[in-house]
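Below is one structure; the comments refer to it alone.
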Amino acid sequence: MDSTSLQKYGFKEWYRLTDIIKGIVEVPITPATYALRLDHKFGRLRGSSDLLYIGSTSNLHFRIIENYLGGRGDKTTKRIRDYLFNKGYLEATEVSWIITQNYEKIESKLLAEYEKEHHELPPWNRARS
């Protein structure tokens, strides 16, 4: 499973996080399931993928802008921010989302599909919700 596999769920556009920081891309205030991807594929236990993280939120704008880019939030949010800003992934990471009220259900389905194919979760996901 990689970012092209997400098209069947409605993920279409991918946005560079640096363009969000610059204000070129606006992140909507809405419930959503989202994914972060690297600009190239990397090895997994089985196969390869470009997906770094699959998540869901009741407020996408807050999650991306305030949490990941702004540094506010819990342990997972701060860990992802650390990858982006302190470990050099910011320039190479993109985000895509689908606006949905069933955000948790879709996240769970995507994580299960990823785990089934790769025998592990995406690297920035530590545990399934």
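FYI, nothing fancy with the structure tokens labels: chains A, B, ... in order, residues from 1 per chain, ligands from 1 as they appear.
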
Need the shell around A:Asn59: protein/DNA/RNA residues with any atom at most 8 Å away, counting only C-alpha atoms. Skip same-chain ones fewer than 2 positions apart. Format as a tab-separated table (two decimals) with C-alpha atoms, in the first residue's frame?
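To be explicit, this is the file written out as selection_27.tsv:
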```tsv
chain	number	residue	atom	x	y	z
A	29	ILE	CA	-11.41	23.31	9.39
A	30	THR	CA	-13.24	19.99	9.05
A	31	PRO	CA	-13.27	16.37	10.18
A	32	ALA	CA	-10.96	14.31	7.98
A	57	THR	CA	-9.14	14.18	13.31
A	61	HIS	CA	-6.71	22.59	10.31
A	62	PHE	CA	-5.90	22.40	14.00
A	63	ARG	CA	-4.13	19.04	13.64
```

- Task: Considering only C-alpha atoms, return as JSON, numbers by chain whatever protein or nucleic-acid residues lie within 7 Å of stretch 5-18 of chain A, sequence-local ones (same chain, fewer than 2 positions apart) excluded.
- Result: {"A": [1, 2, 3, 20, 21, 22, 90, 91, 93, 94, 95, 96, 97, 98]}

- Task: Taking the chain letters and numbering used in this document, name the residues of stretch 4-126 of chain A that DSSP puts in helix (DSSP H, G or I), as a PyMOL selection string.
- Result: chain A and resi 4-9+17-21+60-69+75-86+90-92+103-118

- Query: Neighbours of stretch 76-80 of chain A within 9 Å (only C-alpha atoms; same-chain residues fewer than 2 positions away dropped), as JSON, numbers by chain?
  - Reply: {"A": [53, 63, 67, 68, 71, 72, 73, 74, 82, 83, 84, 85, 124, 125, 126]}

- Give me the residues within 10 Å of A:Ile54 as a count of residues only, counting only C-alpha atoms and dropping any in the same chain fewer than 4 places off. 20

- Leaving out A:His40 and any residue of its chain fewer than 4 positions from it, which residues lie within 10 Å of it when counting only C-alpha atoms, given as a ChimeraX atom specification? /A:48-51,92-93

Go ahead and save the residues from that selection, with N, CA, C and O atoms, as a CSV table (one decimal), in the first residue's frame.
```
chain,number,residue,atom,x,y,z
A,48,SER,N,7.3,-2.1,-0.2
A,48,SER,CA,7.8,-0.7,0.0
A,48,SER,C,6.5,0.2,0.0
A,48,SER,O,5.5,-0.2,-0.5
A,49,SER,N,6.7,1.4,0.5
A,49,SER,CA,5.7,2.4,0.6
A,49,SER,C,6.3,3.7,0.7
A,49,SER,O,7.5,3.9,1.0
A,50,ASP,N,5.5,4.8,0.4
A,50,ASP,CA,5.9,6.1,0.7
A,50,ASP,C,5.0,6.7,1.8
A,50,ASP,O,5.3,7.9,2.2
A,51,LEU,N,4.1,6.0,2.4
A,51,LEU,CA,3.3,6.5,3.5
A,51,LEU,C,4.0,6.5,4.8
A,51,LEU,O,4.5,5.4,5.3
A,92,ALA,N,10.5,17.1,2.5
A,92,ALA,CA,10.2,15.9,1.7
A,92,ALA,C,8.8,15.3,2.1
A,92,ALA,O,8.5,14.2,1.5
A,93,THR,N,8.0,15.9,2.9
A,93,THR,CA,6.8,15.4,3.3
A,93,THR,C,5.6,16.1,2.7
A,93,THR,O,5.6,17.4,2.7
```

- Item | DSSP strand (DSSP E) residues within chain A, as a PyMOL selection string | chain A and resi 15-16+32-43+48-57+93-99

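The interatomic distance for the pair atom CA of A:Gln101 and atom CA of A:Tyr89 works out to 29.5 Å.
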